[in-house]
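Shown next: run04.cif, containing mmCIF, C-alpha atoms; chains and numbers go by the auth columns.
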data_target
loop_
_atom_site.group_PDB
_atom_site.id
_atom_site.type_symbol
_atom_site.label_atom_id
_atom_site.label_comp_id
_atom_site.label_asym_id
_atom_site.label_seq_id
_atom_site.Cartn_x
_atom_site.Cartn_y
_atom_site.Cartn_z
_atom_site.B_iso_or_equiv
_atom_site.auth_seq_id
_atom_site.auth_asym_id
ATOM 1 C CA MET A 1 -5.832 6.063 -2.590 0.00 1 A
ATOM 2 C CA TYR A 2 -8.253 8.960 -2.887 0.00 2 A
ATOM 3 C CA TYR A 3 -11.769 9.297 -1.553 0.00 3 A
ATOM 4 C CA PHE A 4 -14.453 11.342 -3.362 0.00 4 A
ATOM 5 C CA PRO A 5 -17.793 10.364 -1.774 0.00 5 A
ATOM 6 C CA ASP A 6 -19.965 12.616 -3.953 0.00 6 A
ATOM 7 C CA LEU A 7 -18.502 11.640 -7.322 0.00 7 A
ATOM 8 C CA ASP A 8 -21.764 10.783 -9.050 0.00 8 A
ATOM 9 C CA GLU A 9 -23.146 11.503 -12.514 0.00 9 A
ATOM 10 C CA GLN A 10 -24.258 15.064 -11.677 0.00 10 A
ATOM 11 C CA THR A 11 -20.904 15.921 -10.127 0.00 11 A
ATOM 12 C CA ARG A 12 -19.123 14.553 -13.195 0.00 12 A
ATOM 13 C CA LEU A 13 -21.341 16.633 -15.503 0.00 13 A
ATOM 14 C CA ASN A 14 -20.547 19.737 -13.459 0.00 14 A
ATOM 15 C CA MET A 15 -16.815 18.940 -13.585 0.00 15 A
ATOM 16 C CA ILE A 16 -16.991 18.709 -17.383 0.00 16 A
ATOM 17 C CA SER A 17 -19.000 21.924 -17.590 0.00 17 A
ATOM 18 C CA GLU A 18 -16.434 23.771 -15.453 0.00 18 A
ATOM 19 C CA PHE A 19 -13.580 22.332 -17.531 0.00 19 A
ATOM 20 C CA GLU A 20 -15.236 23.465 -20.778 0.00 20 A
ATOM 21 C CA PHE A 21 -15.855 26.895 -19.212 0.00 21 A
ATOM 22 C CA ASP A 22 -12.121 27.189 -18.475 0.00 22 A
ATOM 23 C CA ILE A 23 -11.172 26.183 -22.010 0.00 23 A
ATOM 24 C CA ARG A 24 -13.639 28.686 -23.557 0.00 24 A
ATOM 25 C CA THR A 25 -12.578 31.572 -21.323 0.00 25 A
ATOM 26 C CA GLY A 26 -8.842 30.882 -21.416 0.00 26 A
ATOM 27 C CA LEU A 27 -8.748 30.214 -17.677 0.00 27 A
ATOM 28 C CA PHE A 28 -7.578 26.606 -17.928 0.00 28 A
ATOM 29 C CA TYR A 29 -4.480 26.238 -15.769 0.00 29 A
ATOM 30 C CA GLU A 30 -1.635 24.652 -17.694 0.00 30 A
ATOM 31 C CA PRO A 31 0.800 23.059 -15.250 0.00 31 A
ATOM 32 C CA LEU A 32 4.215 24.660 -15.740 0.00 32 A
ATOM 33 C CA SER A 33 5.825 21.244 -15.363 0.00 33 A
ATOM 34 C CA MET A 34 4.210 19.976 -18.593 0.00 34 A
ATOM 35 C CA THR A 35 5.661 20.028 -22.068 0.00 35 A
ATOM 36 C CA THR A 36 3.724 21.670 -24.894 0.00 36 A
ATOM 37 C CA SER A 37 2.945 18.316 -26.510 0.00 37 A
ATOM 38 C CA GLY A 38 2.028 16.830 -23.126 0.00 38 A
ATOM 39 C CA MET A 39 -0.442 19.652 -22.524 0.00 39 A
ATOM 40 C CA ILE A 40 -2.332 18.921 -25.749 0.00 40 A
ATOM 41 C CA SER A 41 -2.938 15.297 -24.726 0.00 41 A
ATOM 42 C CA TYR A 42 -3.490 16.207 -21.083 0.00 42 A
ATOM 43 C CA LYS A 43 -6.629 18.232 -21.742 0.00 43 A
ATOM 44 C CA SER A 44 -8.380 15.321 -23.439 0.00 44 A
ATOM 45 C CA LEU A 45 -7.203 12.870 -20.751 0.00 45 A
ATOM 46 C CA LEU A 46 -8.495 15.170 -18.031 0.00 46 A
ATOM 47 C CA LYS A 47 -11.934 15.442 -19.632 0.00 47 A
ATOM 48 C CA GLU A 48 -12.022 11.659 -20.117 0.00 48 A
ATOM 49 C CA CYS A 49 -11.271 11.126 -16.420 0.00 49 A
ATOM 50 C CA PHE A 50 -14.023 13.562 -15.467 0.00 50 A
ATOM 51 C CA GLU A 51 -16.427 11.493 -17.561 0.00 51 A
ATOM 52 C CA LYS A 52 -15.585 8.080 -16.144 0.00 52 A
ATOM 53 C CA GLY A 53 -12.291 8.025 -14.266 0.00 53 A
ATOM 54 C CA THR A 54 -10.519 8.961 -11.072 0.00 54 A
ATOM 55 C CA PRO A 55 -7.278 10.730 -10.157 0.00 55 A
ATOM 56 C CA GLU A 56 -5.659 7.293 -10.094 0.00 56 A
ATOM 57 C CA THR A 57 -6.636 6.537 -13.702 0.00 57 A
ATOM 58 C CA LEU A 58 -5.399 9.967 -14.753 0.00 58 A
ATOM 59 C CA GLN A 59 -2.107 9.412 -12.950 0.00 59 A
ATOM 60 C CA GLN A 60 -1.637 6.052 -14.685 0.00 60 A
ATOM 61 C CA LYS A 61 -2.065 7.674 -18.105 0.00 61 A
ATOM 62 C CA LEU A 62 0.432 10.448 -17.436 0.00 62 A
ATOM 63 C CA THR A 63 3.832 9.217 -18.536 0.00 63 A
ATOM 64 C CA SER A 64 7.131 10.989 -18.051 0.00 64 A
ATOM 65 C CA SER A 65 6.849 12.269 -21.645 0.00 65 A
ATOM 66 C CA PHE A 66 4.129 14.684 -20.445 0.00 66 A
ATOM 67 C CA PHE A 67 6.581 16.512 -18.202 0.00 67 A
ATOM 68 C CA ARG A 68 9.694 18.615 -18.475 0.00 68 A
ATOM 69 C CA GLU A 69 12.839 17.448 -16.739 0.00 69 A
ATOM 70 C CA THR A 70 13.451 20.822 -15.102 0.00 70 A
ATOM 71 C CA ASP A 71 11.347 23.878 -14.356 0.00 71 A
ATOM 72 C CA ARG A 72 12.031 27.306 -15.853 0.00 72 A
ATOM 73 C CA ASN A 73 14.483 28.017 -13.011 0.00 73 A
ATOM 74 C CA GLY A 74 16.450 24.864 -13.805 0.00 74 A
ATOM 75 C CA ARG A 75 15.223 22.894 -10.780 0.00 75 A
ATOM 76 C CA LYS A 76 14.420 19.207 -11.214 0.00 76 A
ATOM 77 C CA ILE A 77 10.698 18.437 -11.501 0.00 77 A
ATOM 78 C CA PRO A 78 9.569 16.411 -8.417 0.00 78 A
ATOM 79 C CA SER A 79 9.447 12.645 -8.859 0.00 79 A
ATOM 80 C CA ASN A 80 5.799 12.571 -7.701 0.00 80 A
ATOM 81 C CA ILE A 81 4.668 15.151 -10.267 0.00 81 A
ATOM 82 C CA ARG A 82 2.165 12.745 -11.879 0.00 82 A
ATOM 83 C CA GLU A 83 0.428 12.251 -8.533 0.00 83 A
ATOM 84 C CA MET A 84 0.523 15.955 -7.677 0.00 84 A
ATOM 85 C CA VAL A 85 -0.941 17.104 -10.997 0.00 85 A
ATOM 86 C CA SER A 86 -3.589 14.383 -11.281 0.00 86 A
ATOM 87 C CA PHE A 87 -4.914 14.850 -7.739 0.00 87 A
ATOM 88 C CA SER A 88 -4.743 18.656 -7.786 0.00 88 A
ATOM 89 C CA ASP A 89 -6.546 19.087 -11.089 0.00 89 A
ATOM 90 C CA PHE A 90 -9.144 16.394 -10.449 0.00 90 A
ATOM 91 C CA ASN A 91 -9.829 17.745 -6.972 0.00 91 A
ATOM 92 C CA ARG A 92 -10.055 21.372 -8.142 0.00 92 A
ATOM 93 C CA TYR A 93 -12.833 20.507 -10.601 0.00 93 A
ATOM 94 C CA TYR A 94 -14.513 18.171 -8.102 0.00 94 A
ATOM 95 C CA VAL A 95 -14.639 20.987 -5.540 0.00 95 A
ATOM 96 C CA ARG A 96 -16.018 23.438 -8.095 0.00 96 A
ATOM 97 C CA ALA A 97 -18.667 20.900 -9.138 0.00 97 A
ATOM 98 C CA LEU A 98 -19.797 20.449 -5.531 0.00 98 A
ATOM 99 C CA LEU A 99 -19.877 24.196 -4.944 0.00 99 A
ATOM 100 C CA LEU A 100 -22.209 24.523 -7.943 0.00 100 A
ATOM 101 C CA ARG A 101 -24.397 21.751 -6.618 0.00 101 A
ATOM 102 C CA ALA A 102 -24.454 23.195 -3.106 0.00 102 A
ATOM 103 C CA LEU A 103 -25.744 26.465 -4.550 0.00 103 A
ATOM 104 C CA SER A 104 -28.411 24.891 -6.759 0.00 104 A
ATOM 105 C CA GLU A 105 -29.443 22.092 -4.384 0.00 105 A
ATOM 106 C CA ASN A 106 -29.176 24.116 -1.159 0.00 106 A
ATOM 107 C CA LYS A 107 -26.685 21.700 0.423 0.00 107 A
ATOM 108 C CA LYS A 108 -24.057 22.130 3.123 0.00 108 A
ATOM 109 C CA LEU A 109 -20.411 21.272 2.561 0.00 109 A
ATOM 110 C CA CYS A 110 -17.716 20.013 4.894 0.00 110 A
ATOM 111 C CA VAL A 111 -13.922 19.932 4.495 0.00 111 A
ATOM 112 C CA TYR A 112 -12.401 16.449 4.714 0.00 112 A
ATOM 113 C CA ARG A 113 -9.163 14.697 3.832 0.00 113 A
ATOM 114 C CA ALA A 114 -9.480 13.128 0.368 0.00 114 A
ATOM 115 C CA LYS A 115 -5.844 12.050 0.257 0.00 115 A
ATOM 116 C CA GLN A 116 -3.656 10.920 3.094 0.00 116 A
ATOM 117 C CA VAL A 117 -0.488 12.956 3.551 0.00 117 A
ATOM 118 C CA MET A 118 2.767 12.189 5.331 0.00 118 A
ATOM 119 C CA ASN A 119 3.208 15.558 7.022 0.00 119 A
ATOM 120 C CA GLU A 120 -0.107 17.188 7.772 0.00 120 A
ATOM 121 C CA ARG A 121 0.122 20.985 7.944 0.00 121 A
ATOM 122 C CA LYS A 122 -1.343 22.576 11.061 0.00 122 A
ATOM 123 C CA LYS A 123 -3.600 24.832 8.952 0.00 123 A
ATOM 124 C CA SER A 124 -4.908 21.809 7.017 0.00 124 A
ATOM 125 C CA LYS A 125 -5.562 19.889 10.210 0.00 125 A
ATOM 126 C CA LEU A 126 -7.566 22.816 11.589 0.00 126 A
ATOM 127 C CA SER A 127 -9.609 23.005 8.369 0.00 127 A
ATOM 128 C CA VAL A 128 -10.883 19.413 8.466 0.00 128 A
ATOM 129 C CA ASN A 129 -14.589 19.323 9.417 0.00 129 A
ATOM 130 C CA LYS A 130 -15.079 23.034 8.683 0.00 130 A
ATOM 131 C CA VAL A 131 -18.648 23.479 7.404 0.00 131 A
ATOM 132 C CA TYR A 132 -19.803 25.823 4.640 0.00 132 A
ATOM 133 C CA PHE A 133 -23.528 26.535 4.410 0.00 133 A
ATOM 134 C CA ASP A 134 -23.835 30.253 3.604 0.00 134 A
ATOM 135 C CA LYS A 135 -24.735 30.658 -0.086 0.00 135 A
ATOM 136 C CA MET A 136 -22.832 33.937 -0.385 0.00 136 A
ATOM 137 C CA GLN A 137 -19.665 32.350 1.018 0.00 137 A
ATOM 138 C CA ILE A 138 -20.049 29.319 -1.269 0.00 138 A
ATOM 139 C CA ALA A 139 -20.529 31.602 -4.294 0.00 139 A
ATOM 140 C CA GLN A 140 -17.398 33.569 -3.325 0.00 140 A
ATOM 141 C CA MET A 141 -15.428 30.336 -3.042 0.00 141 A
ATOM 142 C CA LEU A 142 -16.623 29.267 -6.496 0.00 142 A
ATOM 143 C CA GLU A 143 -15.541 32.605 -7.963 0.00 143 A
ATOM 144 C CA LEU A 144 -12.114 32.312 -6.311 0.00 144 A
ATOM 145 C CA PHE A 145 -11.607 28.681 -7.370 0.00 145 A
ATOM 146 C CA ARG A 146 -12.537 29.454 -10.993 0.00 146 A
ATOM 147 C CA ASP A 147 -9.582 31.804 -11.398 0.00 147 A
ATOM 148 C CA TYR A 148 -6.360 29.931 -10.673 0.00 148 A
ATOM 149 C CA ARG A 149 -4.380 33.193 -10.608 0.00 149 A
ATOM 150 C CA LYS A 150 -6.449 34.393 -7.658 0.00 150 A
ATOM 151 C CA LEU A 151 -6.602 30.929 -6.098 0.00 151 A
ATOM 152 C CA PHE A 152 -2.847 30.358 -6.113 0.00 152 A
ATOM 153 C CA SER A 153 -2.222 33.745 -4.500 0.00 153 A
ATOM 154 C CA SER A 154 -4.963 33.310 -1.869 0.00 154 A
ATOM 155 C CA LYS A 155 -4.600 31.912 1.611 0.00 155 A
ATOM 156 C CA HIS A 156 -7.761 29.784 1.381 0.00 156 A
ATOM 157 C CA GLU A 157 -7.155 26.420 3.036 0.00 157 A
ATOM 158 C CA LEU A 158 -8.779 24.401 0.252 0.00 158 A
ATOM 159 C CA LEU A 159 -6.904 23.475 -2.908 0.00 159 A
ATOM 160 C CA GLN A 160 -3.471 24.358 -1.589 0.00 160 A
ATOM 161 C CA PRO A 161 -0.717 22.178 -3.101 0.00 161 A
ATOM 162 C CA ASN A 162 -0.347 18.790 -1.408 0.00 162 A
ATOM 163 C CA SER A 163 -2.904 19.560 1.335 0.00 163 A
ATOM 164 C CA GLY A 164 -5.027 16.514 0.437 0.00 164 A
ATOM 165 C CA LEU A 165 -8.152 18.455 1.423 0.00 165 A
ATOM 166 C CA SER A 166 -11.448 18.462 -0.434 0.00 166 A
ATOM 167 C CA ILE A 167 -15.138 19.011 0.341 0.00 167 A
ATOM 168 C CA ARG A 168 -18.148 16.735 0.586 0.00 168 A
ATOM 169 C CA PHE A 169 -21.862 17.128 1.195 0.00 169 A
ATOM 170 C CA ILE A 170 -23.292 16.813 4.676 0.00 170 A
ATOM 171 C CA CYS A 171 -26.933 16.230 5.606 0.00 171 A
#

Structure re-expressed in structure tokens:
Amino acid sequence: MYYFPDLDEQTRLNMISEFEFDIRTGLFYEPLSMTTSGMISYKSLLKECFEKGTPETLQQKLTSSFFRETDRNGRKIPSNIREMVSFSDFNRYYVRALLLRALSENKKLCVYRAKQVMNERKKSKLSVNKVYFDKMQIAQMLELFRDYRKLFSSKHELLQPNSGLSIRFIC
């Protein structure tokens, strides 16, 4: 079960806008675990879930036919790949949408656990309740999170694989 407390109409519109930005600019991250035919359907499913769904509804729609059996190094794709991809992609766009809103609405953000994990990393545990309020820092985060190549090579605590962390507004 996932928890996204600020998933309202404006957040959804921002998620769609960010998704369309990625498609236009060629920055959409295509999970390496997906087949070519799976990727074609995935993009429309992702947008549909941004409009009216959740990571759970996305996960339900992702069948094994979307994914390869092994990665390019010949290793077996994890059995929880549907959960990993659906949460990671949904959360990445949710976070970007809230960063946009924080900038335009002058709101503060706080790190929280959106998904429960079995083995909580020490770095993730230390990140929970961290507050972001500086507009320059929020804008830098948005820039980093828009480019998955930079994001995946960064050490930023948010959006790391299987961390379960996200952000929410605080008063």

Near-A:Leu109 list (7 Å; all atoms listed in the file; drop same-chain fewer than 3 positions) as a ChimeraX atom specification: /A:131-133,167-170

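If you measure from each of A:Arg82, A:Lys115, A:Arg75, A:Arg92 to A:Leu158 using only C-alpha atoms, the closest one turns out to be A:Arg92.
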
Residues of stretch 28-90 of chain A at most 10 Å from stretch 134-148 of chain A: nearest atom pair and distance in Å, all atoms listed in the file, as JSON lines:
{"residue": "A:Phe28", "atom": "CA", "partner": "A:Tyr148", "partner_atom": "CA", "distance": 8.1}
{"residue": "A:Tyr29", "atom": "CA", "partner": "A:Tyr148", "partner_atom": "CA", "distance": 6.6}
{"residue": "A:Glu30", "atom": "CA", "partner": "A:Tyr148", "partner_atom": "CA", "distance": 10.0}

Kindly resolve the PyMOL selection byres ((chain A and resi 40-54) around 12) on the present coordinates and return the residues as a PyMOL selection string. chain A and resi 1-5+7-20+22-23+28-31+34-39+55-63+65-67+82-83+85-94+97

Go through the shown structure with the PyMOL selection byres ((chain A and resi 130) around 9) and write out the matching residues as number ranges by chain. A: 109-112, 126-129, 131-132

Please produce an output containing C-alpha atoms for each residue in the selection, written as a tab-separated table (two decimals), in the frame of the given file.
chain	number	residue	atom	x	y	z
A	109	LEU	CA	-20.41	21.27	2.56
A	110	CYS	CA	-17.72	20.01	4.89
A	111	VAL	CA	-13.92	19.93	4.50
A	112	TYR	CA	-12.40	16.45	4.71
A	126	LEU	CA	-7.57	22.82	11.59
A	127	SER	CA	-9.61	23.00	8.37
A	128	VAL	CA	-10.88	19.41	8.47
A	129	ASN	CA	-14.59	19.32	9.42
A	131	VAL	CA	-18.65	23.48	7.40
A	132	TYR	CA	-19.80	25.82	4.64

Point-to-point distance in Å for atom CA of A:Leu99 and atom CA of A:Ile81: 26.7 Å

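Compared by their closest atoms to A:Ile77, and using only C-alpha atoms, the residues A:Leu32, A:Leu103, A:Leu165, A:Met118 rank with A:Leu32 nearest.
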
Listed atoms of stretch 143-152 of chain A boxed axis-aligned with 8 Å per side, centre + edges as lines of an AutoDock Vina configuration file:
center_x = -9.2
center_y = 31.5
center_z = -8.7
size_x = 28.7
size_y = 21.7
size_z = 21.3
